[in-house]
>>> print(open('target.pdb').read())   # PDB, C-alpha atoms, pLDDT in the B column
MODEL        1
ATOM      1  CA  MET A   1     -23.834 -18.656 -48.144  1.00 55.00           C
ATOM      2  CA  VAL A   2     -21.395 -17.715 -45.359  1.00 57.00           C
ATOM      3  CA  SER A   3     -20.715 -20.391 -42.752  1.00 65.00           C
ATOM      4  CA  LYS A   4     -21.165 -19.686 -39.044  1.00 65.00           C
ATOM      5  CA  LYS A   5     -17.449 -20.221 -38.427  1.00 66.00           C
ATOM      6  CA  SER A   6     -16.510 -17.754 -41.149  1.00 73.00           C
ATOM      7  CA  LYS A   7     -19.036 -15.166 -39.906  1.00 70.00           C
ATOM      8  CA  PHE A   8     -17.650 -15.489 -36.369  1.00 69.00           C
ATOM      9  CA  ARG A   9     -14.079 -14.890 -37.598  1.00 72.00           C
ATOM     10  CA  THR A  10     -14.942 -11.956 -39.852  1.00 76.00           C
ATOM     11  CA  VAL A  11     -17.633 -10.118 -37.863  1.00 75.00           C
ATOM     12  CA  VAL A  12     -18.000 -11.150 -34.238  1.00 75.00           C
ATOM     13  CA  LEU A  13     -14.360 -11.635 -33.237  1.00 75.00           C
ATOM     14  CA  PRO A  14     -13.100  -8.315 -34.667  1.00 78.00           C
ATOM     15  CA  SER A  15     -16.068  -6.500 -33.062  1.00 81.00           C
ATOM     16  CA  VAL A  16     -15.286  -7.996 -29.649  1.00 78.00           C
ATOM     17  CA  ILE A  17     -11.616  -7.072 -30.009  1.00 83.00           C
ATOM     18  CA  VAL A  18     -12.432  -3.463 -30.974  1.00 80.00           C
ATOM     19  CA  VAL A  19     -14.905  -3.019 -28.095  1.00 80.00           C
ATOM     20  CA  GLY A  20     -12.468  -4.600 -25.622  1.00 78.00           C
ATOM     21  CA  PHE A  21      -9.663  -2.348 -26.825  1.00 77.00           C
ATOM     22  CA  ALA A  22     -11.879   0.756 -26.543  1.00 75.00           C
ATOM     23  CA  VAL A  23     -12.950  -0.127 -22.984  1.00 72.00           C
ATOM     24  CA  GLY A  24      -9.357  -0.871 -21.961  1.00 72.00           C
ATOM     25  CA  LEU A  25      -8.116   2.370 -23.487  1.00 69.00           C
ATOM     26  CA  GLY A  26     -10.852   4.330 -21.710  1.00 69.00           C
ATOM     27  CA  MET A  27      -9.906   2.766 -18.365  1.00 64.00           C
ATOM     28  CA  ALA A  28      -6.209   3.468 -18.962  1.00 64.00           C
ATOM     29  CA  ILE A  29      -6.869   7.120 -19.818  1.00 65.00           C
ATOM     30  CA  ASP A  30      -9.149   7.492 -16.787  1.00 62.00           C
ATOM     31  CA  GLU A  31      -6.463   6.020 -14.478  1.00 59.00           C
ATOM     32  CA  PHE A  32      -3.742   8.210 -16.025  1.00 59.00           C
ATOM     33  CA  VAL A  33      -5.765  11.398 -15.593  1.00 57.00           C
ATOM     34  CA  ALA A  34      -6.659  10.450 -11.995  1.00 54.00           C
ATOM     35  CA  SER A  35      -3.002   9.943 -11.077  1.00 54.00           C
ATOM     36  CA  GLN A  36      -2.061  13.523 -11.985  1.00 53.00           C
ATOM     37  CA  GLY A  37      -2.289  14.858  -8.440  1.00 53.00           C
ATOM     38  CA  VAL A  38      -5.786  14.918  -6.970  1.00 55.00           C
ATOM     39  CA  TYR A  39      -7.480  11.762  -5.727  1.00 55.00           C
ATOM     40  CA  ARG A  40     -10.703  10.780  -7.413  1.00 60.00           C
ATOM     41  CA  THR A  41     -12.425   7.454  -7.947  1.00 62.00           C
ATOM     42  CA  THR A  42     -11.561   5.774 -11.241  1.00 60.00           C
ATOM     43  CA  VAL A  43     -13.218   2.968 -13.184  1.00 56.00           C
ATOM     44  CA  TRP A  44     -10.379   0.692 -12.051  1.00 56.00           C
ATOM     45  CA  ASP A  45     -11.128   1.545  -8.401  1.00 61.00           C
ATOM     46  CA  LEU A  46     -14.789   0.657  -8.890  1.00 57.00           C
ATOM     47  CA  LEU A  47     -13.933  -2.679 -10.526  1.00 56.00           C
ATOM     48  CA  ASN A  48     -11.573  -3.533  -7.641  1.00 58.00           C
ATOM     49  CA  GLY A  49     -14.090  -2.601  -4.963  1.00 59.00           C
ATOM     50  CA  ARG A  50     -12.145   0.458  -3.797  1.00 60.00           C
ATOM     51  CA  GLY A  51     -14.623   2.988  -5.159  1.00 60.00           C
ATOM     52  CA  GLU A  52     -16.212   4.211  -1.938  1.00 67.00           C
ATOM     53  CA  LEU A  53     -14.293   6.482   0.407  1.00 71.00           C
ATOM     54  CA  PRO A  54     -14.832   6.081   4.163  1.00 74.00           C
ATOM     55  CA  THR A  55     -17.458   8.389   5.633  1.00 79.00           C
ATOM     56  CA  GLY A  56     -17.456  10.103   8.993  1.00 83.00           C
ATOM     57  CA  ARG A  57     -15.584  12.877  10.736  1.00 85.00           C
ATOM     58  CA  ALA A  58     -12.162  13.804   9.439  1.00 84.00           C
ATOM     59  CA  GLU A  59      -9.949  13.361  12.498  1.00 88.00           C
ATOM     60  CA  VAL A  60      -6.607  12.387  10.964  1.00 90.00           C
ATOM     61  CA  SER A  61      -4.144  15.305  10.900  1.00 93.00           C
ATOM     62  CA  GLN A  62      -1.653  15.994   8.144  1.00 94.00           C
ATOM     63  CA  GLN A  63       1.192  14.990  10.495  1.00 95.00           C
ATOM     64  CA  VAL A  64      -0.371  11.557  11.018  1.00 95.00           C
ATOM     65  CA  ALA A  65      -0.932  11.180   7.245  1.00 95.00           C
ATOM     66  CA  ILE A  66       2.743  12.039   6.648  1.00 96.00           C
ATOM     67  CA  GLU A  67       3.849   9.375   9.125  1.00 96.00           C
ATOM     68  CA  VAL A  68       1.535   6.761   7.560  1.00 96.00           C
ATOM     69  CA  CYS A  69       3.054   7.541   4.149  1.00 96.00           C
ATOM     70  CA  ARG A  70       6.623   7.367   5.532  1.00 96.00           C
ATOM     71  CA  GLN A  71       5.871   3.967   7.023  1.00 96.00           C
ATOM     72  CA  LYS A  72       4.510   2.786   3.667  1.00 96.00           C
ATOM     73  CA  ALA A  73       7.743   3.900   1.944  1.00 95.00           C
ATOM     74  CA  SER A  74       9.781   2.146   4.612  1.00 95.00           C
ATOM     75  CA  ARG A  75       7.829  -1.101   4.154  1.00 94.00           C
ATOM     76  CA  GLU A  76       8.171  -0.925   0.355  1.00 93.00           C
ATOM     77  CA  LEU A  77      11.883  -0.070   0.219  1.00 93.00           C
ATOM     78  CA  GLY A  78      13.203  -1.585   3.437  1.00 93.00           C
ATOM     79  CA  ARG A  79      16.898  -0.956   4.131  1.00 94.00           C
ATOM     80  CA  ASN A  80      17.312   0.743   0.759  1.00 93.00           C
ATOM     81  CA  LEU A  81      15.454   3.806   2.073  1.00 94.00           C
ATOM     82  CA  LEU A  82      18.102   6.231   3.309  1.00 94.00           C
ATOM     83  CA  LEU A  83      16.218   9.504   3.877  1.00 95.00           C
ATOM     84  CA  THR A  84      12.708  10.987   3.645  1.00 96.00           C
ATOM     85  CA  ARG A  85      11.759  14.660   3.200  1.00 96.00           C
ATOM     86  CA  PHE A  86       8.158  15.880   3.317  1.00 96.00           C
ATOM     87  CA  ASP A  87       7.209  17.954   0.247  1.00 95.00           C
ATOM     88  CA  GLN A  88       4.987  20.663   1.725  1.00 94.00           C
ATOM     89  CA  ARG A  89       4.455  22.440  -1.597  1.00 94.00           C
ATOM     90  CA  SER A  90       2.976  19.461  -3.400  1.00 93.00           C
ATOM     91  CA  SER A  91       1.033  17.946  -0.498  1.00 95.00           C
ATOM     92  CA  ARG A  92      -2.552  19.038   0.096  1.00 94.00           C
ATOM     93  CA  TYR A  93      -5.865  18.197   1.737  1.00 93.00           C
ATOM     94  CA  ASN A  94      -9.164  17.716  -0.108  1.00 89.00           C
ATOM     95  CA  GLY A  95     -11.854  18.705   2.384  1.00 88.00           C
ATOM     96  CA  GLU A  96     -14.697  17.533   0.170  1.00 85.00           C
ATOM     97  CA  LEU A  97     -13.335  13.982  -0.104  1.00 85.00           C
ATOM     98  CA  LYS A  98     -11.568  14.063   3.304  1.00 89.00           C
ATOM     99  CA  VAL A  99      -8.341  12.824   1.711  1.00 90.00           C
ATOM    100  CA  HIS A 100      -4.759  13.907   2.433  1.00 93.00           C
ATOM    101  CA  THR A 101      -2.516  13.738  -0.629  1.00 93.00           C
ATOM    102  CA  VAL A 102       1.020  13.478   0.731  1.00 95.00           C
ATOM    103  CA  PHE A 103       4.235  13.709  -1.283  1.00 96.00           C
ATOM    104  CA  ILE A 104       7.520  12.642   0.312  1.00 96.00           C
ATOM    105  CA  ASN A 105      10.853  12.905  -1.465  1.00 96.00           C
ATOM    106  CA  LEU A 106      12.971   9.793  -0.959  1.00 95.00           C
ATOM    107  CA  THR A 107      16.673   9.110  -1.040  1.00 94.00           C
ATOM    108  CA  VAL A 108      17.127   5.470  -2.030  1.00 93.00           C
ATOM    109  CA  LYS A 109      20.310   3.408  -2.010  1.00 92.00           C
ATOM    110  CA  ASP A 110      21.792   3.095  -5.524  1.00 90.00           C
ATOM    111  CA  HIS A 111      19.326   5.761  -6.772  1.00 88.00           C
ATOM    112  CA  GLU A 112      20.711   8.790  -4.924  1.00 87.00           C
ATOM    113  CA  ARG A 113      20.940  10.924  -8.083  1.00 88.00           C
ATOM    114  CA  GLU A 114      17.356  10.209  -9.180  1.00 90.00           C
ATOM    115  CA  GLN A 115      14.352  12.240  -8.042  1.00 91.00           C
ATOM    116  CA  VAL A 116      12.367   9.546  -6.251  1.00 93.00           C
ATOM    117  CA  TYR A 117       9.158  10.255  -4.354  1.00 95.00           C
ATOM    118  CA  ILE A 118       6.148   8.518  -2.908  1.00 95.00           C
ATOM    119  CA  ARG A 119       2.638   9.859  -3.286  1.00 94.00           C
ATOM    120  CA  CYS A 120       0.016   8.630  -0.822  1.00 93.00           C
ATOM    121  CA  ASP A 121      -3.702   9.374  -0.756  1.00 91.00           C
ATOM    122  CA  ILE A 122      -4.750   8.833   2.854  1.00 92.00           C
ATOM    123  CA  SER A 123      -8.261   8.958   4.285  1.00 91.00           C
ATOM    124  CA  ALA A 124      -8.639  11.641   6.944  1.00 93.00           C
ATOM    125  CA  VAL A 125     -11.425   9.525   8.436  1.00 92.00           C
ATOM    126  CA  ASN A 126      -9.597   6.277   9.249  1.00 90.00           C
ATOM    127  CA  ARG A 127      -5.877   6.592   8.215  1.00 90.00           C
ATOM    128  CA  MET A 128      -6.413   4.098   5.385  1.00 89.00           C
ATOM    129  CA  ILE A 129      -4.023   4.380   2.453  1.00 90.00           C
ATOM    130  CA  ILE A 130      -6.364   4.681  -0.499  1.00 87.00           C
ATOM    131  CA  GLU A 131      -3.582   4.703  -3.060  1.00 86.00           C
ATOM    132  CA  SER A 132       0.201   4.998  -3.064  1.00 89.00           C
ATOM    133  CA  ARG A 133       2.791   5.129  -5.800  1.00 90.00           C
ATOM    134  CA  ILE A 134       6.558   5.308  -5.751  1.00 91.00           C
ATOM    135  CA  LYS A 135       7.869   7.149  -8.790  1.00 90.00           C
ATOM    136  CA  GLY A 136      11.235   8.142 -10.123  1.00 85.00           C
ATOM    137  CA  MET A 137      13.161   4.890  -9.836  1.00 75.00           C
ATOM    138  CA  SER A 138      13.712   3.284 -13.190  1.00 66.00           C
ATOM    139  CA  GLY A 139      11.924  -0.047 -13.337  1.00 53.00           C
ATOM    140  CA  PHE A 140      10.312   0.125  -9.900  1.00 49.00           C
ATOM    141  CA  GLY A 141       6.868   0.833  -8.490  1.00 45.00           C
ATOM    142  CA  PHE A 142       4.829   1.186 -11.688  1.00 42.00           C
ATOM    143  CA  PHE A 143       1.554  -0.118 -10.231  1.00 43.00           C
ATOM    144  CA  ASN A 144       1.807   0.251  -6.449  1.00 42.00           C
ATOM    145  CA  SER A 145      -1.302   0.558  -4.391  1.00 39.00           C
TER
ENDMDL
END
>>> encode(input="target.pdb", output="structure tokens")
Amino acid sequence: MVSKKSKFRTVVLPSVIVVGFAVGLGMAIDEFVASQGVYRTTVWDLLNGRGELPTGRAEVSQQVAIEVCRQKASRELGRNLLLTRFDQRSSRYNGELKVHTVFINLTVKDHEREQVYIRCDISAVNRMIIESRIKGMSGFGFFNS
């Protein structure tokens, strides 16, 4: 006869670990796919209470969204931020979600030779930064929001 302790170690614990790993992997893949350019709600957003986008009329222009994103970069990098350049080619507006996706190329002190940029998803309803990420600097900004 198998003891309860032995059954827990051989059946229950490995099952919980496998299910937990599968759920975590699914969330990671979902977040990775969502960060490839177009804003969409992820499982992580829902778990953190950020799943619902603001509703109402879209009154925030692209110029305002650009300035909100520049200010976010300035707050994150402080005096290390040397120059910002709006990336018109990569930036876009999603009319269905009422979200501006803004890309701004950054020149950062001690990282001048690296291609650094900030990506901001900004609500066209209320100027709220839904998500932002600074990428391109080694060891910086992996999980910014």
>>> atom_distance(input="target.pdb", atom1="atom CA of Tyr93 of chain A", atom2="atom CA of Glu131 of chain A")
14.5 Å
>>> atom_distance(input="target.pdb", atom1="atom CA of Val23 of chain A", atom2="atom CA of Lys7 of chain A")
23.4 Å
>>> closest_residue(input="target.pdb", among="A:Val19, A:Leu83, A:Val12, A:Leu97", to="Ile122 of chain A", atoms="all atoms listed in the file")
A:Leu97
>>> resolve_selection(input="target.pdb", expression="the PyMOL selection byres ((chain A and resi 103-108) around 7)", output="MDAnalysis selection string")
chainID A and resid 80:87 90:91 101:102 109:112 116:120
>>> write_last_selection(input="target.pdb", atoms="C-alpha atoms", output="compact mmCIF listing (two decimals), in the frame of the given file")
# COMPACT_ATOMS: atom_id res chain seq x y z
CA ASN A 80 17.31 0.74 0.76
CA LEU A 81 15.45 3.81 2.07
CA LEU A 82 18.10 6.23 3.31
CA LEU A 83 16.22 9.50 3.88
CA THR A 84 12.71 10.99 3.64
CA ARG A 85 11.76 14.66 3.20
CA PHE A 86 8.16 15.88 3.32
CA ASP A 87 7.21 17.95 0.25
CA SER A 90 2.98 19.46 -3.40
CA SER A 91 1.03 17.95 -0.50
CA THR A 101 -2.52 13.74 -0.63
CA VAL A 102 1.02 13.48 0.73
CA LYS A 109 20.31 3.41 -2.01
CA ASP A 110 21.79 3.10 -5.52
CA HIS A 111 19.33 5.76 -6.77
CA GLU A 112 20.71 8.79 -4.92
CA VAL A 116 12.37 9.55 -6.25
CA TYR A 117 9.16 10.26 -4.35
CA ILE A 118 6.15 8.52 -2.91
CA ARG A 119 2.64 9.86 -3.29
CA CYS A 120 0.02 8.63 -0.82
>>> atom_distance(input="target.pdb", atom1="atom CA of Gly56 of chain A", atom2="atom CA of Ser132 of chain A")
22.0 Å
>>> resolve_selection(input="target.pdb", expression="the PyMOL selection byres ((chain A and resi 64-68) around 7)", output="VMD selection string")
chain A and resid 60 to 63 69 to 72 100 102 122 127
>>> write_last_selection(input="target.pdb", atoms="C-alpha atoms", output="mmCIF file, in the coordinates of the input")
data_model
loop_
_atom_site.group_PDB
_atom_site.id
_atom_site.type_symbol
_atom_site.label_atom_id
_atom_site.label_comp_id
_atom_site.auth_asym_id
_atom_site.auth_seq_id
_atom_site.Cartn_x
_atom_site.Cartn_y
_atom_site.Cartn_z
ATOM 1 C CA VAL A 60 -6.607 12.387 10.964
ATOM 2 C CA SER A 61 -4.144 15.305 10.900
ATOM 3 C CA GLN A 62 -1.653 15.994 8.144
ATOM 4 C CA GLN A 63 1.192 14.990 10.495
ATOM 5 C CA CYS A 69 3.054 7.541 4.149
ATOM 6 C CA ARG A 70 6.623 7.367 5.532
ATOM 7 C CA GLN A 71 5.871 3.967 7.023
ATOM 8 C CA LYS A 72 4.510 2.786 3.667
ATOM 9 C CA HIS A 100 -4.759 13.907 2.433
ATOM 10 C CA VAL A 102 1.020 13.478 0.731
ATOM 11 C CA ILE A 122 -4.750 8.833 2.854
ATOM 12 C CA ARG A 127 -5.877 6.592 8.215
#
>>> closest_residue(input="target.pdb", among="A:Gly136, A:Met128, A:Leu77, A:Val99", to="Glu114 of chain A", atoms="all atoms listed in the file")
A:Gly136
>>> residues_around(input="target.pdb", residues="Thr55 of chain A", least_positions_apart="2", cutoff="10 Å", atoms="all atoms listed in the file", output="PDB file with C-alpha atoms, in the frame of the given file")
ATOM      1  CA  GLU A  52     -16.212   4.211  -1.938  1.00 67.00           C
ATOM      2  CA  LEU A  53     -14.293   6.482   0.407  1.00 71.00           C
ATOM      3  CA  ARG A  57     -15.584  12.877  10.736  1.00 85.00           C
ATOM      4  CA  ALA A  58     -12.162  13.804   9.439  1.00 84.00           C
ATOM      5  CA  LEU A  97     -13.335  13.982  -0.104  1.00 85.00           C
ATOM      6  CA  LYS A  98     -11.568  14.063   3.304  1.00 89.00           C
ATOM      7  CA  SER A 123      -8.261   8.958   4.285  1.00 91.00           C
ATOM      8  CA  ALA A 124      -8.639  11.641   6.944  1.00 93.00           C
ATOM      9  CA  VAL A 125     -11.425   9.525   8.436  1.00 92.00           C
ATOM     10  CA  ASN A 126      -9.597   6.277   9.249  1.00 90.00           C
TER      11      ASN A 126
END
